[in-house]
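Enquirer: Quick one: the structure is below, questions incoming.
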Amino acid sequence: MFKCLKKERNEARGTHLLQEFNDAMLRIENLDEQHAASCARHMVAGFRSIQETFGPLSKISSNVKIELANILREEAKNCFDFDKGRGFGTVLLSLFLESATLPGGDAKHVQDYLNRFFDSPKPQPNPE
């Protein structure tokens, strides 16, 4: 019974996360080019920093991912007044980390969409 309740709660959190993601994406679309570029830079740089500190995302525990997401949300709140791009990049990174801990299609959508920013291009074979 408690497992079922926990799953339902986590799926509801995933739905809320998708709503936050959609709201952020709508706001990002209205940023000027400089702030949009800043958003992307900070999101990717933050992800690389997390990987350098903690290793691959798949090796980071859910508790650590959630703690990092909460820290990033607080950091984002402090950024919006002086750098909206950094604030949105930090928010998206926090959503990415938390979505990796949640079940359900809504969290998976957020995870899959943002994962495209972090996937490095695969080297192509050199045709000779």
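For the structure tokens, the naming scheme is as follows: chains receive sequential letters (A, B, ...) according to their order of presentation, residues are indexed from 1 within each chain, and ligands are indexed from 1 in presentation order.
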Taking only residues of segment 65-121 of chain A that have an atom at most 12 Å from an atom of segment 19-29 of chain A, what is each one's shortest atom pair and its distance in Å to one decimal, using only C-alpha atoms, in chain and number order, as JSON lines?

Expert:
{"residue": "A:Arg73", "atom": "CA", "partner": "A:Glu20", "partner_atom": "CA", "distance": 11.7}
{"residue": "A:Ala76", "atom": "CA", "partner": "A:Ala24", "partner_atom": "CA", "distance": 12.0}
{"residue": "A:Lys84", "atom": "CA", "partner": "A:Ile28", "partner_atom": "CA", "distance": 9.1}
{"residue": "A:Gly85", "atom": "CA", "partner": "A:Ile28", "partner_atom": "CA", "distance": 8.2}
{"residue": "A:Arg86", "atom": "CA", "partner": "A:Ile28", "partner_atom": "CA", "distance": 11.1}
{"residue": "A:Gly87", "atom": "CA", "partner": "A:Ala24", "partner_atom": "CA", "distance": 10.2}
{"residue": "A:Phe88", "atom": "CA", "partner": "A:Ala24", "partner_atom": "CA", "distance": 7.0}
{"residue": "A:Gly89", "atom": "CA", "partner": "A:Ile28", "partner_atom": "CA", "distance": 9.3}
{"residue": "A:Thr90", "atom": "CA", "partner": "A:Ala24", "partner_atom": "CA", "distance": 10.9}
{"residue": "A:Val91", "atom": "CA", "partner": "A:Ala24", "partner_atom": "CA", "distance": 8.0}
{"residue": "A:Leu92", "atom": "CA", "partner": "A:Phe21", "partner_atom": "CA", "distance": 7.2}
{"residue": "A:Leu93", "atom": "CA", "partner": "A:Phe21", "partner_atom": "CA", "distance": 10.4}
{"residue": "A:Ser94", "atom": "CA", "partner": "A:Phe21", "partner_atom": "CA", "distance": 10.1}
{"residue": "A:Leu95", "atom": "CA", "partner": "A:Phe21", "partner_atom": "CA", "distance": 7.0}
{"residue": "A:Phe96", "atom": "CA", "partner": "A:Phe21", "partner_atom": "CA", "distance": 9.2}
{"residue": "A:Glu98", "atom": "CA", "partner": "A:Phe21", "partner_atom": "CA", "distance": 11.4}
{"residue": "A:Ser99", "atom": "CA", "partner": "A:Phe21", "partner_atom": "CA", "distance": 10.2}
{"residue": "A:Asp106", "atom": "CA", "partner": "A:Gln19", "partner_atom": "CA", "distance": 8.9}
{"residue": "A:Ala107", "atom": "CA", "partner": "A:Phe21", "partner_atom": "CA", "distance": 9.8}
{"residue": "A:Lys108", "atom": "CA", "partner": "A:Phe21", "partner_atom": "CA", "distance": 11.9}
{"residue": "A:His109", "atom": "CA", "partner": "A:Phe21", "partner_atom": "CA", "distance": 9.8}
{"residue": "A:Val110", "atom": "CA", "partner": "A:Phe21", "partner_atom": "CA", "distance": 7.0}
{"residue": "A:Gln111", "atom": "CA", "partner": "A:Phe21", "partner_atom": "CA", "distance": 10.2}
{"residue": "A:Tyr113", "atom": "CA", "partner": "A:Phe21", "partner_atom": "CA", "distance": 10.0}
{"residue": "A:Leu114", "atom": "CA", "partner": "A:Phe21", "partner_atom": "CA", "distance": 9.8}

Enquirer: Please produce an output containing N, CA, C and O atoms for each residue in the selection, written as an mmCIF file, in the first residue's frame.

Expert:
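Generated file (selection_32.cif):
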data_model
loop_
_atom_site.group_PDB
_atom_site.id
_atom_site.type_symbol
_atom_site.label_atom_id
_atom_site.label_comp_id
_atom_site.auth_asym_id
_atom_site.auth_seq_id
_atom_site.Cartn_x
_atom_site.Cartn_y
_atom_site.Cartn_z
ATOM 1 N N ARG A 73 17.949 25.317 -7.149
ATOM 2 C CA ARG A 73 16.749 26.177 -7.158
ATOM 3 C C ARG A 73 16.968 27.415 -6.303
ATOM 4 O O ARG A 73 16.562 28.519 -6.677
ATOM 5 N N ALA A 76 19.228 29.683 -8.193
ATOM 6 C CA ALA A 76 18.516 30.318 -9.302
ATOM 7 C C ALA A 76 17.720 31.524 -8.816
ATOM 8 O O ALA A 76 17.707 32.573 -9.473
ATOM 9 N N LYS A 84 19.278 36.868 -15.759
ATOM 10 C CA LYS A 84 18.147 35.977 -16.029
ATOM 11 C C LYS A 84 18.586 34.710 -16.747
ATOM 12 O O LYS A 84 18.051 33.640 -16.501
ATOM 13 N N GLY A 85 19.537 34.827 -17.645
ATOM 14 C CA GLY A 85 20.019 33.647 -18.363
ATOM 15 C C GLY A 85 20.593 32.617 -17.416
ATOM 16 O O GLY A 85 20.282 31.424 -17.502
ATOM 17 N N ARG A 86 21.427 33.063 -16.508
ATOM 18 C CA ARG A 86 22.010 32.146 -15.515
ATOM 19 C C ARG A 86 20.914 31.552 -14.638
ATOM 20 O O ARG A 86 20.932 30.355 -14.332
ATOM 21 N N GLY A 87 19.944 32.372 -14.256
ATOM 22 C CA GLY A 87 18.844 31.886 -13.428
ATOM 23 C C GLY A 87 18.067 30.778 -14.120
ATOM 24 O O GLY A 87 17.808 29.732 -13.529
ATOM 25 N N PHE A 88 17.704 31.002 -15.390
ATOM 26 C CA PHE A 88 16.952 29.971 -16.114
ATOM 27 C C PHE A 88 17.799 28.732 -16.377
ATOM 28 O O PHE A 88 17.300 27.612 -16.302
ATOM 29 N N GLY A 89 19.072 28.910 -16.679
ATOM 30 C CA GLY A 89 19.949 27.757 -16.881
ATOM 31 C C GLY A 89 20.055 26.916 -15.630
ATOM 32 O O GLY A 89 20.031 25.675 -15.675
ATOM 33 N N THR A 90 20.130 27.577 -14.493
ATOM 34 C CA THR A 90 20.218 26.885 -13.205
ATOM 35 C C THR A 90 18.902 26.176 -12.879
ATOM 36 O O THR A 90 18.899 25.037 -12.399
ATOM 37 N N VAL A 91 17.783 26.820 -13.182
ATOM 38 C CA VAL A 91 16.474 26.186 -12.970
ATOM 39 C C VAL A 91 16.350 24.928 -13.823
ATOM 40 O O VAL A 91 15.931 23.870 -13.342
ATOM 41 N N LEU A 92 16.713 25.036 -15.108
ATOM 42 C CA LEU A 92 16.601 23.868 -15.989
ATOM 43 C C LEU A 92 17.487 22.725 -15.514
ATOM 44 O O LEU A 92 17.078 21.561 -15.562
ATOM 45 N N LEU A 93 18.671 23.041 -15.045
ATOM 46 C CA LEU A 93 19.551 21.992 -14.525
ATOM 47 C C LEU A 93 18.927 21.333 -13.298
ATOM 48 O O LEU A 93 18.971 20.103 -13.156
ATOM 49 N N SER A 94 18.311 22.121 -12.428
ATOM 50 C CA SER A 94 17.663 21.533 -11.242
ATOM 51 C C SER A 94 16.499 20.636 -11.650
ATOM 52 O O SER A 94 16.315 19.560 -11.084
ATOM 53 N N LEU A 95 15.726 21.055 -12.658
ATOM 54 C CA LEU A 95 14.620 20.234 -13.147
ATOM 55 C C LEU A 95 15.137 18.935 -13.760
ATOM 56 O O LEU A 95 14.542 17.868 -13.584
ATOM 57 N N PHE A 96 16.244 19.032 -14.471
ATOM 58 C CA PHE A 96 16.853 17.852 -15.074
ATOM 59 C C PHE A 96 17.262 16.844 -14.006
ATOM 60 O O PHE A 96 16.961 15.650 -14.107
ATOM 61 N N GLU A 98 16.208 16.572 -10.832
ATOM 62 C CA GLU A 98 15.082 15.986 -10.103
ATOM 63 C C GLU A 98 14.289 15.028 -10.978
ATOM 64 O O GLU A 98 13.845 13.980 -10.513
ATOM 65 N N SER A 99 14.124 15.361 -12.257
ATOM 66 C CA SER A 99 13.350 14.485 -13.140
ATOM 67 C C SER A 99 13.991 13.105 -13.261
ATOM 68 O O SER A 99 13.291 12.119 -13.484
ATOM 69 N N ASP A 106 5.643 12.207 -17.373
ATOM 70 C CA ASP A 106 5.910 13.639 -17.310
ATOM 71 C C ASP A 106 7.364 13.916 -16.945
ATOM 72 O O ASP A 106 8.043 14.724 -17.582
ATOM 73 N N ALA A 107 7.859 13.227 -15.923
ATOM 74 C CA ALA A 107 9.261 13.399 -15.534
ATOM 75 C C ALA A 107 10.185 12.910 -16.649
ATOM 76 O O ALA A 107 11.213 13.520 -16.926
ATOM 77 N N LYS A 108 9.797 11.832 -17.308
ATOM 78 C CA LYS A 108 10.605 11.300 -18.416
ATOM 79 C C LYS A 108 10.677 12.305 -19.565
ATOM 80 O O LYS A 108 11.726 12.461 -20.182
ATOM 81 N N HIS A 109 9.580 13.004 -19.831
ATOM 82 C CA HIS A 109 9.582 14.012 -20.890
ATOM 83 C C HIS A 109 10.611 15.110 -20.584
ATOM 84 O O HIS A 109 11.386 15.493 -21.458
ATOM 85 N N VAL A 110 10.588 15.600 -19.351
ATOM 86 C CA VAL A 110 11.549 16.639 -18.951
ATOM 87 C C VAL A 110 12.968 16.097 -19.084
ATOM 88 O O VAL A 110 13.853 16.753 -19.646
ATOM 89 N N GLN A 111 13.190 14.894 -18.573
ATOM 90 C CA GLN A 111 14.511 14.268 -18.622
ATOM 91 C C GLN A 111 14.993 14.118 -20.062
ATOM 92 O O GLN A 111 16.118 14.487 -20.392
ATOM 93 N N TYR A 113 13.981 15.638 -22.849
ATOM 94 C CA TYR A 113 14.166 16.914 -23.547
ATOM 95 C C TYR A 113 15.489 17.555 -23.140
ATOM 96 O O TYR A 113 16.283 17.960 -23.986
ATOM 97 N N LEU A 114 15.730 17.651 -21.843
ATOM 98 C CA LEU A 114 16.944 18.319 -21.371
ATOM 99 C C LEU A 114 18.193 17.482 -21.596
ATOM 100 O O LEU A 114 19.282 18.034 -21.759
#

Enquirer: Please report, as JSON, numbers by chain, each residue of chain A to which DSSP assigns alpha helix (DSSP H) when run on this structure's backbone.

Expert: {"A": [2, 3, 4, 5, 6, 7, 8, 9, 10, 11, 12, 13, 14, 15, 16, 17, 18, 19, 20, 21, 22, 23, 24, 25, 26, 27, 28, 29, 33, 34, 35, 36, 37, 38, 39, 40, 41, 42, 43, 44, 45, 46, 47, 48, 49, 50, 51, 52, 53, 54, 62, 63, 64, 65, 66, 67, 68, 69, 70, 71, 72, 73, 74, 75, 76, 77, 78, 79, 84, 85, 86, 87, 88, 89, 90, 91, 92, 93, 94, 95, 96, 97, 98, 99, 105, 106, 107, 108, 109, 110, 111, 112, 113, 114, 115, 116, 117, 118]}

Enquirer: Okay, now the selection with C-alpha atoms, as a JSON list (two decimals), in the first residue's frame?

Expert:
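File part_30.json, as written:
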[["chain", "number", "residue", "atom", "x", "y", "z"],
["A", 2, "PHE", "CA", 2.71, 2.50, 0.95],
["A", 3, "LYS", "CA", 4.71, 1.72, -2.20],
["A", 4, "CYS", "CA", 1.65, 2.55, -4.29],
["A", 5, "LEU", "CA", 1.12, 5.84, -2.42],
["A", 6, "LYS", "CA", 4.78, 6.78, -2.80],
["A", 7, "LYS", "CA", 4.65, 6.04, -6.53],
["A", 8, "GLU", "CA", 1.50, 8.15, -6.95],
["A", 9, "ARG", "CA", 3.08, 11.01, -5.00],
["A", 10, "ASN", "CA", 6.24, 10.84, -7.10],
["A", 11, "GLU", "CA", 4.25, 10.76, -10.34],
["A", 12, "ALA", "CA", 2.30, 13.81, -9.15],
["A", 13, "ARG", "CA", 5.62, 15.53, -8.44],
["A", 14, "GLY", "CA", 6.69, 14.62, -11.98],
["A", 15, "THR", "CA", 3.56, 16.28, -13.34],
["A", 16, "HIS", "CA", 4.31, 19.40, -11.30],
["A", 17, "LEU", "CA", 7.89, 19.30, -12.57],
["A", 18, "LEU", "CA", 6.62, 19.21, -16.17],
["A", 19, "GLN", "CA", 4.49, 22.27, -15.45],
["A", 20, "GLU", "CA", 7.53, 24.10, -14.04],
["A", 21, "PHE", "CA", 9.54, 23.04, -17.09],
["A", 22, "ASN", "CA", 6.88, 24.26, -19.54],
["A", 23, "ASP", "CA", 6.63, 27.58, -17.70],
["A", 24, "ALA", "CA", 10.40, 28.04, -17.78],
["A", 25, "MET", "CA", 10.57, 27.18, -21.48],
["A", 26, "LEU", "CA", 7.87, 29.75, -22.30],
["A", 27, "ARG", "CA", 9.82, 32.41, -20.42],
["A", 28, "ILE", "CA", 13.10, 31.41, -22.06],
["A", 29, "GLU", "CA", 11.54, 31.82, -25.50],
["A", 33, "GLU", "CA", 19.73, 36.33, -27.57],
["A", 34, "GLN", "CA", 22.34, 37.25, -24.97],
["A", 35, "HIS", "CA", 20.30, 35.92, -22.04],
["A", 36, "ALA", "CA", 19.28, 32.78, -23.96],
["A", 37, "ALA", "CA", 22.95, 32.04, -24.68],
["A", 38, "SER", "CA", 23.78, 32.64, -21.02],
["A", 39, "CYS", "CA", 21.03, 30.17, -20.07],
["A", 40, "ALA", "CA", 22.50, 27.44, -22.25],
["A", 41, "ARG", "CA", 26.08, 28.12, -21.10],
["A", 42, "HIS", "CA", 25.22, 27.99, -17.41],
["A", 43, "MET", "CA", 23.08, 24.89, -17.76],
["A", 44, "VAL", "CA", 25.78, 22.93, -19.59],
["A", 45, "ALA", "CA", 28.62, 24.27, -17.42],
["A", 46, "GLY", "CA", 26.69, 23.34, -14.29],
["A", 47, "PHE", "CA", 26.09, 19.84, -15.61],
["A", 48, "ARG", "CA", 29.79, 19.39, -16.40],
["A", 49, "SER", "CA", 30.72, 20.65, -12.95],
["A", 50, "ILE", "CA", 28.37, 18.13, -11.34],
["A", 51, "GLN", "CA", 29.86, 15.32, -13.42],
["A", 52, "GLU", "CA", 33.41, 16.39, -12.53],
["A", 53, "THR", "CA", 32.51, 16.46, -8.84],
["A", 54, "PHE", "CA", 30.22, 13.42, -8.56],
["A", 62, "SER", "CA", 18.63, 9.92, -6.02],
["A", 63, "ASN", "CA", 19.06, 11.60, -2.64],
["A", 64, "VAL", "CA", 22.11, 13.50, -3.86],
["A", 65, "LYS", "CA", 20.35, 14.48, -7.10],
["A", 66, "ILE", "CA", 17.40, 15.86, -5.13],
["A", 67, "GLU", "CA", 19.67, 17.73, -2.73],
["A", 68, "LEU", "CA", 21.60, 19.24, -5.66],
["A", 69, "ALA", "CA", 18.31, 20.19, -7.36],
["A", 70, "ASN", "CA", 17.17, 22.00, -4.22],
["A", 71, "ILE", "CA", 20.47, 23.84, -3.89],
["A", 72, "LEU", "CA", 20.31, 24.86, -7.55],
["A", 73, "ARG", "CA", 16.75, 26.18, -7.16],
["A", 74, "GLU", "CA", 17.89, 28.40, -4.30],
["A", 75, "GLU", "CA", 20.83, 29.59, -6.37],
["A", 76, "ALA", "CA", 18.52, 30.32, -9.30],
["A", 77, "LYS", "CA", 16.27, 32.51, -7.13],
["A", 78, "ASN", "CA", 19.31, 34.61, -6.26],
["A", 79, "CYS", "CA", 20.42, 34.90, -9.91],
["A", 84, "LYS", "CA", 18.15, 35.98, -16.03],
["A", 85, "GLY", "CA", 20.02, 33.65, -18.36],
["A", 86, "ARG", "CA", 22.01, 32.15, -15.52],
["A", 87, "GLY", "CA", 18.84, 31.89, -13.43],
["A", 88, "PHE", "CA", 16.95, 29.97, -16.11],
["A", 89, "GLY", "CA", 19.95, 27.76, -16.88],
["A", 90, "THR", "CA", 20.22, 26.88, -13.20],
["A", 91, "VAL", "CA", 16.47, 26.19, -12.97],
["A", 92, "LEU", "CA", 16.60, 23.87, -15.99],
["A", 93, "LEU", "CA", 19.55, 21.99, -14.52],
["A", 94, "SER", "CA", 17.66, 21.53, -11.24],
["A", 95, "LEU", "CA", 14.62, 20.23, -13.15],
["A", 96, "PHE", "CA", 16.85, 17.85, -15.07],
["A", 97, "LEU", "CA", 18.39, 16.42, -11.90],
["A", 98, "GLU", "CA", 15.08, 15.99, -10.10],
["A", 99, "SER", "CA", 13.35, 14.49, -13.14],
["A", 105, "GLY", "CA", 5.88, 9.98, -18.36],
["A", 106, "ASP", "CA", 5.91, 13.64, -17.31],
["A", 107, "ALA", "CA", 9.26, 13.40, -15.53],
["A", 108, "LYS", "CA", 10.60, 11.30, -18.42],
["A", 109, "HIS", "CA", 9.58, 14.01, -20.89],
["A", 110, "VAL", "CA", 11.55, 16.64, -18.95],
["A", 111, "GLN", "CA", 14.51, 14.27, -18.62],
["A", 112, "ASP", "CA", 14.54, 13.34, -22.31],
["A", 113, "TYR", "CA", 14.17, 16.91, -23.55],
["A", 114, "LEU", "CA", 16.94, 18.32, -21.37],
["A", 115, "ASN", "CA", 19.20, 15.31, -21.86],
["A", 116, "ARG", "CA", 19.66, 16.40, -25.47],
["A", 117, "PHE", "CA", 21.64, 19.40, -24.24],
["A", 118, "PHE", "CA", 24.06, 17.23, -22.30]]
